[in-house]
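Report on the structure given below.
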Amino acid sequence: MSTQSTQPKPVQKESSGGAFYAGRGVTKTPMISHAKGIFFWDTDGKRYLDGSSGAVAANIGHGNERVCDAMIEQAKRFSYVVRTAFTSEATETLCRMISELAGPGFDQTFLVSGGSEAIESTLKLARQYAVVTGQPKRSKILARIPGYHGSTLGAAAVTGDPDRDQMFGPIMRVMPKIPAPLSYRLPEGYDLHSYADHCADELERQILAEGEDTVLAFIMEPVGGVATGALVAPNSYYSKVRKICDRYGVLLIFDEVMCGAGRTGTFLAAHHWPDALPDLVACAKGLSAGYTPLGAMIAPNRIVDKVVESGGFLHGHTYSGNPLSSAIGVAVLSELVNQNLMGNAQRMGVILRQKLNALKDRSTTIGDVRGIGLLNAVEIVEDKATKAIFPAARQASYRVSEIARDLGLHIYSRRAAGGKFGEWFMAAPPLIITEPEIDLYMELLTETFRIFESEIR
Ligand code: PLP
């Protein structure tokens, strides 16, 4: 006899406690019923404007019919074959599209299921390349602090966050870090350019300190994500970093998990600095725009061929090159190109930053607005004159996102590395956003800060 009740269960309105998720998050987790364009709705019918594209992933907006159709069509044909033995038209098409959009020198694409896996792929390909080309001593991967490269152990080892190093250091090999060229709080005696120059010099100093023949790669986010709040360095930083890597035979890896796939107005953020292109790129989020888990490593023939000739890349996953995810990726990138969403990201990014800067001028707690295209961050401070951050107990960035959520605006916030480097939220709506929708976004944000600032007075 079945022990299951025949009574229908009541519809859940929020998370029940049977599921858990990373970070502190907001106090209650609304249950989402459906989504369309830049909006989603919860099971009570409340509408939210997706002001950060989820975790800066939903680049083409929600409920895109063409993507849904492509998903269903592929699912009906077949959803899975093992990539080491078979391929699919969708997988081949997606790899070709990514390599073409990435441009000359980015010949090969290795598909995975997300950002951390894409990062792991770049680290392992770099290492295997070094070994098969007779440089087995090269094993150190330099990275920046602050920085974020993912949650798996290899990605965590290059993530610049002292709290994570302390927690997980004993079960991984924490890699050496150099300072990221933060632009808002500059050390005494530096301006924006001289500090960025100093940070690039730190790369050379660290390579020499480690022993130049032991350094395998340098990994960085060309436009920062949550760890730095959309940090963009002066142009000279990128070319200097590229030259230093070349001087010492160190591979340059760009983490474009968040900033890639059109988010900054170009397919790769690297395209903003064509004289400083990286050797390897990790990409994810916007590749599938949240319609399925998907990530990619993009690599040149000169590296891949050596590794393949040596007997094959010692790396892979059950879902590498998954046909269903690939078909979704093809449909998402087709939208990105056919709807000229990169052009829209450039245009709307300029308008959004103008409006955010106007709000900053009126606000007592917005210290900085920065970014490129539709990858922007708004830094929250206790004191604009001193740039002092709020004490941890205030939980300012969480509170701001909580107020926003109650008003019907989703914003993704972060107190980076326990507040050592500041706190902000990502102003990164879907790339389909229109100017009237930006006005609505600004109305909700203005009200959010009005409430927040009245609470702390
Ligand atoms: N790298 C960057 C810059 C990211 O922003 C993220 C995720 O936010 C990752 C890597 C990890 O990606 P995932 O969460 O898909 O594993």
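Following the order of the structure tokens, chains are lettered A, B, ..., residues in each are numbered from 1, and ligands are numbered from 1.
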Item to complete: Using only C-alpha atoms and all ligand atoms, find each residue with an atom at most 9 Å away from ligand 1 and format the answer as an MDAnalysis selection string.
Response: chainID A and resid 55:57 113:119 147:152 155 159 220:221 223:227 255:259 282:285 293:295
Contacts of segment 272-281 of chain A at 7 Å or less, counting only C-alpha atoms, minus same-chain residues fewer than 4 places along, as a PDB file with N, CA and C atoms, in the first residue's frame?
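For reference, result09.pdb as written:
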```pdb
ATOM      1  N   THR A 122      41.540  25.854 -18.052  1.00  0.00           N
ATOM      2  CA  THR A 122      42.667  26.694 -18.484  1.00  0.00           C
ATOM      3  C   THR A 122      43.921  26.358 -17.662  1.00  0.00           C
ATOM      4  N   TYR A 238      47.138  46.746 -19.206  1.00  0.00           N
ATOM      5  CA  TYR A 238      46.956  45.508 -19.954  1.00  0.00           C
ATOM      6  C   TYR A 238      48.176  45.237 -20.846  1.00  0.00           C
ATOM      7  N   SER A 239      48.650  46.291 -21.550  1.00  0.00           N
ATOM      8  CA  SER A 239      49.788  46.048 -22.442  1.00  0.00           C
ATOM      9  C   SER A 239      51.055  45.736 -21.649  1.00  0.00           C
ATOM     10  N   ARG A 242      50.866  42.096 -20.539  1.00  0.00           N
ATOM     11  CA  ARG A 242      51.123  41.212 -21.682  1.00  0.00           C
ATOM     12  C   ARG A 242      52.632  41.116 -21.962  1.00  0.00           C
ATOM     13  N   LEU A 251      52.210  32.160 -19.429  1.00  0.00           N
ATOM     14  CA  LEU A 251      50.939  32.233 -20.173  1.00  0.00           C
ATOM     15  C   LEU A 251      49.997  33.214 -19.485  1.00  0.00           C
ATOM     16  N   LEU A 252      49.292  33.999 -20.290  1.00  0.00           N
ATOM     17  CA  LEU A 252      48.323  34.960 -19.746  1.00  0.00           C
ATOM     18  C   LEU A 252      46.915  34.370 -19.923  1.00  0.00           C
ATOM     19  N   ILE A 253      46.228  34.208 -18.798  1.00  0.00           N
ATOM     20  CA  ILE A 253      44.870  33.652 -18.824  1.00  0.00           C
ATOM     21  C   ILE A 253      43.891  34.747 -18.420  1.00  0.00           C
ATOM     22  N   PHE A 254      42.881  34.979 -19.243  1.00  0.00           N
ATOM     23  CA  PHE A 254      41.819  35.923 -18.875  1.00  0.00           C
ATOM     24  C   PHE A 254      40.607  35.127 -18.391  1.00  0.00           C
ATOM     25  N   ASP A 255      40.145  35.481 -17.201  1.00  0.00           N
ATOM     26  CA  ASP A 255      38.887  34.944 -16.696  1.00  0.00           C
ATOM     27  C   ASP A 255      37.777  35.862 -17.196  1.00  0.00           C
ATOM     28  N   GLU A 256      37.076  35.375 -18.228  1.00  0.00           N
ATOM     29  CA  GLU A 256      35.965  36.148 -18.802  1.00  0.00           C
ATOM     30  C   GLU A 256      34.636  35.460 -18.491  1.00  0.00           C
ATOM     31  N   MET A 297      36.430  26.907 -22.460  1.00  0.00           N
ATOM     32  CA  MET A 297      37.805  27.411 -22.528  1.00  0.00           C
ATOM     33  C   MET A 297      38.096  27.655 -23.999  1.00  0.00           C
ATOM     34  N   ILE A 298      38.673  28.814 -24.300  1.00  0.00           N
ATOM     35  CA  ILE A 298      39.015  29.144 -25.684  1.00  0.00           C
ATOM     36  C   ILE A 298      40.534  29.211 -25.759  1.00  0.00           C
ATOM     37  N   ALA A 299      41.098  28.494 -26.741  1.00  0.00           N
ATOM     38  CA  ALA A 299      42.558  28.322 -26.754  1.00  0.00           C
ATOM     39  C   ALA A 299      43.088  28.330 -28.186  1.00  0.00           C
TER      40      ALA A 299
END
```
query = DSSP says strand (DSSP E or B) for which residues of segment 21-255 of chain A? Put them as an MDAnalysis selection string?
reply = chainID A and resid 30 32:37 39:42 47:50 62 108:112 140:145 177:179 215:220 251:255
Write the selection just made, keeping N, CA and C atoms, as a short mmCIF file (atom, residue, chain, number, x, y, z; two decimals), in the first residue's frame?
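The result, stored in result-v9.cif:
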```
data_model
loop_
_atom_site.label_atom_id
_atom_site.label_comp_id
_atom_site.auth_asym_id
_atom_site.auth_seq_id
_atom_site.Cartn_x
_atom_site.Cartn_y
_atom_site.Cartn_z
N PRO A 30 12.42 34.08 -2.10
CA PRO A 30 11.14 33.95 -2.80
C PRO A 30 11.18 32.84 -3.84
N ILE A 32 10.23 31.53 -7.41
CA ILE A 32 9.92 32.19 -8.68
C ILE A 32 9.01 31.31 -9.52
N SER A 33 8.03 31.95 -10.12
CA SER A 33 7.06 31.18 -10.91
C SER A 33 7.34 31.29 -12.42
N HIS A 34 7.68 32.46 -12.93
CA HIS A 34 7.94 32.59 -14.35
C HIS A 34 8.72 33.90 -14.62
N ALA A 35 9.20 34.03 -15.85
CA ALA A 35 10.06 35.18 -16.18
C ALA A 35 9.90 35.54 -17.64
N LYS A 36 10.07 36.82 -17.94
CA LYS A 36 10.00 37.27 -19.34
C LYS A 36 10.80 38.56 -19.48
N GLY A 37 11.66 38.60 -20.49
CA GLY A 37 12.44 39.82 -20.73
C GLY A 37 13.34 40.13 -19.55
N PHE A 39 12.26 40.85 -16.57
CA PHE A 39 11.48 40.67 -15.34
C PHE A 39 11.31 39.20 -14.98
N PHE A 40 11.13 38.92 -13.67
CA PHE A 40 10.61 37.63 -13.24
C PHE A 40 9.58 37.86 -12.14
N TRP A 41 8.74 36.85 -11.91
CA TRP A 41 7.61 36.97 -10.96
C TRP A 41 7.68 35.84 -9.94
N ASP A 42 7.30 36.14 -8.69
CA ASP A 42 7.26 35.07 -7.71
C ASP A 42 5.85 34.46 -7.65
N ARG A 47 6.36 41.17 -9.08
CA ARG A 47 7.30 41.28 -10.20
C ARG A 47 8.65 41.84 -9.72
N TYR A 48 9.74 41.29 -10.26
CA TYR A 48 11.08 41.78 -9.96
C TYR A 48 11.77 42.19 -11.26
N LEU A 49 12.41 43.35 -11.26
CA LEU A 49 13.26 43.73 -12.40
C LEU A 49 14.63 43.11 -12.14
N ASP A 50 15.14 42.37 -13.13
CA ASP A 50 16.40 41.64 -12.93
C ASP A 50 17.59 42.57 -13.17
N HIS A 62 14.99 36.86 -20.10
CA HIS A 62 14.30 35.60 -19.77
C HIS A 62 13.22 35.27 -20.81
N GLN A 108 40.28 27.10 -30.88
CA GLN A 108 39.63 25.89 -30.37
C GLN A 108 38.84 26.19 -29.11
N THR A 109 37.70 25.54 -29.01
CA THR A 109 36.84 25.74 -27.84
C THR A 109 36.61 24.40 -27.15
N PHE A 110 36.77 24.39 -25.85
CA PHE A 110 36.56 23.19 -25.02
C PHE A 110 35.37 23.48 -24.13
N LEU A 111 34.28 22.76 -24.33
CA LEU A 111 33.04 23.08 -23.61
C LEU A 111 32.92 22.35 -22.28
N VAL A 112 32.46 23.06 -21.28
CA VAL A 112 32.24 22.49 -19.96
C VAL A 112 30.89 23.00 -19.43
N LYS A 140 53.61 27.31 -11.02
CA LYS A 140 52.95 28.34 -10.21
C LYS A 140 52.06 29.23 -11.09
N ILE A 141 50.88 29.48 -10.59
CA ILE A 141 49.95 30.35 -11.31
C ILE A 141 49.75 31.60 -10.47
N LEU A 142 50.25 32.71 -10.95
CA LEU A 142 50.09 33.96 -10.19
C LEU A 142 48.70 34.52 -10.46
N ALA A 143 48.18 35.17 -9.45
CA ALA A 143 46.83 35.73 -9.57
C ALA A 143 46.75 37.02 -8.76
N ARG A 144 45.58 37.66 -8.76
CA ARG A 144 45.46 38.97 -8.12
C ARG A 144 44.60 38.91 -6.86
N ILE A 145 44.88 39.83 -5.97
CA ILE A 145 44.06 39.98 -4.77
C ILE A 145 43.56 41.42 -4.72
N LYS A 177 49.86 35.69 -4.88
CA LYS A 177 48.97 36.79 -5.35
C LYS A 177 49.74 38.09 -5.42
N ILE A 178 49.33 38.91 -6.38
CA ILE A 178 49.83 40.29 -6.48
C ILE A 178 48.61 41.22 -6.39
N PRO A 179 48.80 42.49 -6.02
CA PRO A 179 47.62 43.36 -5.89
C PRO A 179 46.94 43.66 -7.23
N VAL A 215 57.24 29.73 -13.02
CA VAL A 215 55.92 30.36 -13.16
C VAL A 215 55.27 29.91 -14.46
N LEU A 216 54.08 29.36 -14.32
CA LEU A 216 53.36 28.80 -15.46
C LEU A 216 52.47 29.85 -16.12
N ALA A 217 51.73 30.58 -15.30
CA ALA A 217 50.70 31.47 -15.88
C ALA A 217 50.36 32.59 -14.91
N PHE A 218 49.71 33.61 -15.48
CA PHE A 218 49.13 34.69 -14.68
C PHE A 218 47.66 34.76 -15.08
N ILE A 219 46.78 34.72 -14.07
CA ILE A 219 45.34 34.76 -14.36
C ILE A 219 44.73 36.03 -13.79
N MET A 220 43.87 36.66 -14.56
CA MET A 220 43.19 37.88 -14.10
C MET A 220 41.86 38.05 -14.83
N LEU A 251 52.21 32.16 -19.43
CA LEU A 251 50.94 32.23 -20.17
C LEU A 251 50.00 33.21 -19.49
N LEU A 252 49.29 34.00 -20.29
CA LEU A 252 48.32 34.96 -19.75
C LEU A 252 46.92 34.37 -19.92
N ILE A 253 46.23 34.21 -18.80
CA ILE A 253 44.87 33.65 -18.82
C ILE A 253 43.89 34.75 -18.42
N PHE A 254 42.88 34.98 -19.24
CA PHE A 254 41.82 35.92 -18.88
C PHE A 254 40.61 35.13 -18.39
N ASP A 255 40.15 35.48 -17.20
CA ASP A 255 38.89 34.94 -16.70
C ASP A 255 37.78 35.86 -17.20
#
```
A:Arg399, A:Arg247, A:Lys355, A:Arg414 ranked by distance to Phe449 of chain A, top pick (using only C-alpha atoms):
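When distances to Phe449 of chain A are compared using only C-alpha atoms, the smallest one comes from A:Arg399.
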query: Within 9 Å of Asn59 of chain A, counting only C-alpha atoms, which residues qualify if same-chain residues fewer than 4 places away don't, as a VMD selection string?
result: chain A and resid 53 261 to 263 285 to 290 332 336 341 428 to 432
For Ala233 of chain A, list every protein, DNA or RNA residue within 9 Å, evaluated using only C-alpha atoms, and leave out those in the same chain fewer than 5 positions away; present the list as a list in words. Ala180, Pro181, Leu182, Ser183, Leu192, His193, Ala196, Pro222, Val223 and Tyr238 of chain A
Write down as a CSV table (one decimal) with N, CA and C atoms, in the first residue's frame the residues belonging to segment 168-306 of chain A that are assigned helix (DSSP H, G or I) by DSSP computed on the backbone.
```
chain,number,residue,atom,x,y,z
A,168,PHE,N,40.2,27.0,3.2
A,168,PHE,CA,40.4,25.9,2.3
A,168,PHE,C,41.9,25.6,2.0
A,169,GLY,N,42.8,26.5,2.4
A,169,GLY,CA,44.2,26.4,2.2
A,169,GLY,C,44.8,25.0,2.5
A,170,PRO,N,44.4,24.4,3.6
A,170,PRO,CA,45.0,23.1,3.9
A,170,PRO,C,44.6,22.0,3.0
A,171,ILE,N,43.6,22.2,2.1
A,171,ILE,CA,43.2,21.1,1.2
A,171,ILE,C,43.5,21.6,-0.3
A,192,LEU,N,45.7,57.1,-10.2
A,192,LEU,CA,45.2,55.9,-10.9
A,192,LEU,C,46.2,55.2,-11.8
A,193,HIS,N,47.0,56.0,-12.6
A,193,HIS,CA,47.9,55.5,-13.5
A,193,HIS,C,49.1,54.9,-12.9
A,194,SER,N,49.7,55.7,-11.9
A,194,SER,CA,50.9,55.2,-11.3
A,194,SER,C,50.7,54.0,-10.5
A,195,TYR,N,49.4,53.9,-9.9
A,195,TYR,CA,49.2,52.7,-9.1
A,195,TYR,C,49.0,51.4,-10.0
A,196,ALA,N,48.3,51.6,-11.1
A,196,ALA,CA,48.2,50.5,-12.1
A,196,ALA,C,49.6,50.1,-12.6
A,197,ASP,N,50.4,51.1,-12.8
A,197,ASP,CA,51.8,50.8,-13.3
A,197,ASP,C,52.5,50.0,-12.2
A,198,HIS,N,52.4,50.4,-11.0
A,198,HIS,CA,53.0,49.7,-9.9
A,198,HIS,C,52.5,48.3,-9.8
A,199,CYS,N,51.2,48.1,-10.0
A,199,CYS,CA,50.6,46.7,-9.9
A,199,CYS,C,51.1,45.8,-11.0
A,200,ALA,N,51.3,46.4,-12.2
A,200,ALA,CA,51.9,45.6,-13.3
A,200,ALA,C,53.4,45.3,-12.9
A,201,ASP,N,54.1,46.2,-12.3
A,201,ASP,CA,55.5,46.0,-11.9
A,201,ASP,C,55.5,44.8,-10.9
A,202,GLU,N,54.5,44.8,-10.1
A,202,GLU,CA,54.5,43.7,-9.0
A,202,GLU,C,54.4,42.4,-9.7
A,203,LEU,N,53.8,42.3,-10.9
A,203,LEU,CA,53.8,41.0,-11.5
A,203,LEU,C,55.2,40.5,-11.9
A,204,GLU,N,56.0,41.5,-12.4
A,204,GLU,CA,57.4,41.1,-12.8
A,204,GLU,C,58.2,40.8,-11.5
A,205,ARG,N,58.0,41.6,-10.5
A,205,ARG,CA,58.7,41.4,-9.2
A,205,ARG,C,58.4,40.0,-8.7
A,206,GLN,N,57.1,39.6,-8.7
A,206,GLN,CA,56.7,38.3,-8.2
A,206,GLN,C,57.2,37.1,-9.0
A,207,ILE,N,57.2,37.3,-10.3
A,207,ILE,CA,57.8,36.3,-11.2
A,207,ILE,C,59.2,36.0,-10.8
A,208,LEU,N,60.0,37.1,-10.7
A,208,LEU,CA,61.4,37.0,-10.3
A,208,LEU,C,61.6,36.4,-8.9
A,209,ALA,N,60.7,36.8,-8.0
A,209,ALA,CA,60.8,36.3,-6.6
A,209,ALA,C,60.5,34.7,-6.6
A,210,GLU,N,59.6,34.3,-7.4
A,210,GLU,CA,59.2,32.9,-7.4
A,210,GLU,C,60.2,32.0,-8.1
A,212,GLU,N,61.7,32.6,-12.3
A,212,GLU,CA,61.0,32.8,-13.6
A,212,GLU,C,60.7,31.5,-14.3
A,213,ASP,N,61.5,30.5,-14.1
A,213,ASP,CA,61.3,29.2,-14.8
A,213,ASP,C,60.3,28.3,-14.0
A,214,THR,N,59.8,28.8,-12.9
A,214,THR,CA,58.7,28.0,-12.1
A,214,THR,C,57.3,28.6,-12.3
A,235,ASN,N,44.4,51.6,-19.7
A,235,ASN,CA,44.8,50.8,-20.9
A,235,ASN,C,46.3,50.3,-20.8
A,236,SER,N,47.2,51.1,-20.2
A,236,SER,CA,48.6,50.8,-20.2
A,236,SER,C,48.8,49.6,-19.3
A,237,TYR,N,47.9,49.3,-18.3
A,237,TYR,CA,48.1,48.1,-17.5
A,237,TYR,C,48.1,46.8,-18.3
A,238,TYR,N,47.1,46.7,-19.2
A,238,TYR,CA,47.0,45.5,-20.0
A,238,TYR,C,48.2,45.2,-20.8
A,239,SER,N,48.7,46.3,-21.5
A,239,SER,CA,49.8,46.0,-22.4
A,239,SER,C,51.1,45.7,-21.6
A,240,LYS,N,51.2,46.4,-20.5
A,240,LYS,CA,52.4,46.1,-19.7
A,240,LYS,C,52.3,44.6,-19.2
A,241,VAL,N,51.2,44.2,-18.7
A,241,VAL,CA,51.0,42.8,-18.2
A,241,VAL,C,51.4,41.8,-19.4
A,242,ARG,N,50.9,42.1,-20.5
A,242,ARG,CA,51.1,41.2,-21.7
A,242,ARG,C,52.6,41.1,-22.0
A,243,LYS,N,53.3,42.3,-21.9
A,243,LYS,CA,54.7,42.3,-22.2
A,243,LYS,C,55.5,41.5,-21.2
A,244,ILE,N,55.1,41.7,-19.9
A,244,ILE,CA,55.9,41.0,-18.8
A,244,ILE,C,55.7,39.5,-19.0
A,245,CYS,N,54.5,39.0,-19.3
A,245,CYS,CA,54.2,37.6,-19.5
A,245,CYS,C,55.1,37.1,-20.7
A,246,ASP,N,55.1,37.8,-21.7
A,246,ASP,CA,56.0,37.4,-22.9
A,246,ASP,C,57.4,37.3,-22.5
A,247,ARG,N,57.9,38.3,-21.7
A,247,ARG,CA,59.3,38.4,-21.4
A,247,ARG,C,59.7,37.1,-20.6
A,248,TYR,N,58.9,36.6,-19.8
A,248,TYR,CA,59.3,35.4,-19.0
A,248,TYR,C,58.6,34.1,-19.4
A,269,ALA,N,35.9,40.7,-23.4
A,269,ALA,CA,36.3,42.0,-22.8
A,269,ALA,C,37.7,42.2,-23.3
A,270,ALA,N,38.5,41.2,-23.6
A,270,ALA,CA,39.9,41.3,-24.1
A,270,ALA,C,39.9,42.2,-25.4
A,271,HIS,N,38.8,42.2,-26.1
A,271,HIS,CA,38.8,42.9,-27.4
A,271,HIS,C,38.9,44.4,-27.1
A,272,HIS,N,38.7,44.9,-25.9
A,272,HIS,CA,38.9,46.3,-25.6
A,272,HIS,C,40.4,46.7,-25.6
A,274,PRO,N,43.3,45.2,-27.8
A,274,PRO,CA,43.7,44.2,-28.8
A,274,PRO,C,45.2,44.0,-28.8
A,275,ASP,N,46.0,44.9,-28.1
A,275,ASP,CA,47.5,44.7,-28.1
A,275,ASP,C,47.8,43.8,-26.9
A,276,ALA,N,46.8,43.4,-26.1
A,276,ALA,CA,47.2,42.6,-24.9
A,276,ALA,C,46.3,41.4,-24.8
A,285,LYS,N,28.7,31.9,-17.9
A,285,LYS,CA,27.5,32.8,-17.7
A,285,LYS,C,26.8,33.1,-19.0
A,286,GLY,N,27.2,34.3,-19.7
A,286,GLY,CA,26.4,34.8,-20.8
A,286,GLY,C,26.4,33.8,-22.0
A,287,LEU,N,27.3,32.8,-22.0
A,287,LEU,CA,27.3,31.9,-23.2
A,287,LEU,C,26.0,31.2,-23.3
A,301,ASN,N,45.5,27.1,-31.5
A,301,ASN,CA,46.0,25.8,-32.0
A,301,ASN,C,47.4,25.5,-31.4
A,302,ARG,N,48.2,26.6,-31.3
A,302,ARG,CA,49.6,26.4,-31.0
A,302,ARG,C,49.7,25.7,-29.6
A,303,ILE,N,48.8,25.9,-28.7
A,303,ILE,CA,48.8,25.2,-27.4
A,303,ILE,C,48.1,23.9,-27.5
A,304,VAL,N,46.9,23.9,-28.0
A,304,VAL,CA,46.0,22.7,-28.1
A,304,VAL,C,46.7,21.6,-28.8
A,305,ASP,N,47.3,22.0,-30.0
A,305,ASP,CA,47.9,20.9,-30.8
A,305,ASP,C,49.0,20.2,-30.1
A,306,LYS,N,49.9,20.9,-29.4
A,306,LYS,CA,51.0,20.3,-28.7
A,306,LYS,C,50.4,19.3,-27.6
```
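Distance annotation: of A:Gly343, A:Gly229, A:Gly51, A:Gly265, the residue with the minimal separation from Asp368 of chain A is A:Gly229; atom set is only C-alpha atoms.
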re atom CA of Gly408 of chain A and atom CA of Glu447 of chain A: distance 10.9 Å
Quick check, in Å to one decimal: how far apart do atom CA of Ser99 of chain A and atom CA of Pro300 of chain A lie?
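Answer for the atom CA of Ser99 of chain A to atom CA of Pro300 of chain A separation: 9.4 Å.
Distance check against Leu409 of chain A using only C-alpha atoms: of A:Gly54, A:Gly45, A:Gly316, A:Gly154, the minimum falls on A:Gly54.
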Distance query Ile380 of chain A at most 8 Å, only C-alpha atoms, self and fewer than 2 positions along chain excluded, as a PDB file with C-alpha atoms, in the first residue's frame:
```pdb
ATOM      1  CA  THR A 365      26.313  56.428   0.534  1.00  0.00           C
ATOM      2  CA  ILE A 366      27.232  55.801  -3.117  1.00  0.00           C
ATOM      3  CA  GLY A 367      30.977  56.304  -3.339  1.00  0.00           C
ATOM      4  CA  ASP A 368      31.811  55.108  -6.835  1.00  0.00           C
ATOM      5  CA  VAL A 378      28.002  50.721  -7.485  1.00  0.00           C
ATOM      6  CA  GLU A 382      29.623  54.969   5.064  1.00  0.00           C
ATOM      7  CA  ILE A 389      33.208  51.318   4.489  1.00  0.00           C
ATOM      8  CA  ALA A 396      25.067  47.477   4.234  1.00  0.00           C
ATOM      9  CA  SER A 397      25.277  45.821   0.805  1.00  0.00           C
ATOM     10  CA  GLY A 422      34.796  47.441   0.024  1.00  0.00           C
ATOM     11  CA  GLU A 423      31.227  46.498  -0.835  1.00  0.00           C
ATOM     12  CA  TRP A 424      29.042  47.053  -3.872  1.00  0.00           C
TER      13      TRP A 424
END
```
Atom CA of Pro391 of chain A to atom CA of Glu455 of chain A measures 14.9 Å
Could you check the closest approach to Thr264 of chain A for each of A:Leu359, A:Leu374, A:Asp163, A:Glu309 and tell me which residue wins, using only C-alpha atoms?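 Result for the nearest residue to Thr264 of chain A: A:Leu374.
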Here is a test: counting only C-alpha atoms, which residue of A:Gln135, A:Ser401, A:Asn376, A:Thr364 is nearest to Arg457 of chain A?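 When distances to Arg457 of chain A are compared using only C-alpha atoms, the smallest one comes from A:Thr364.
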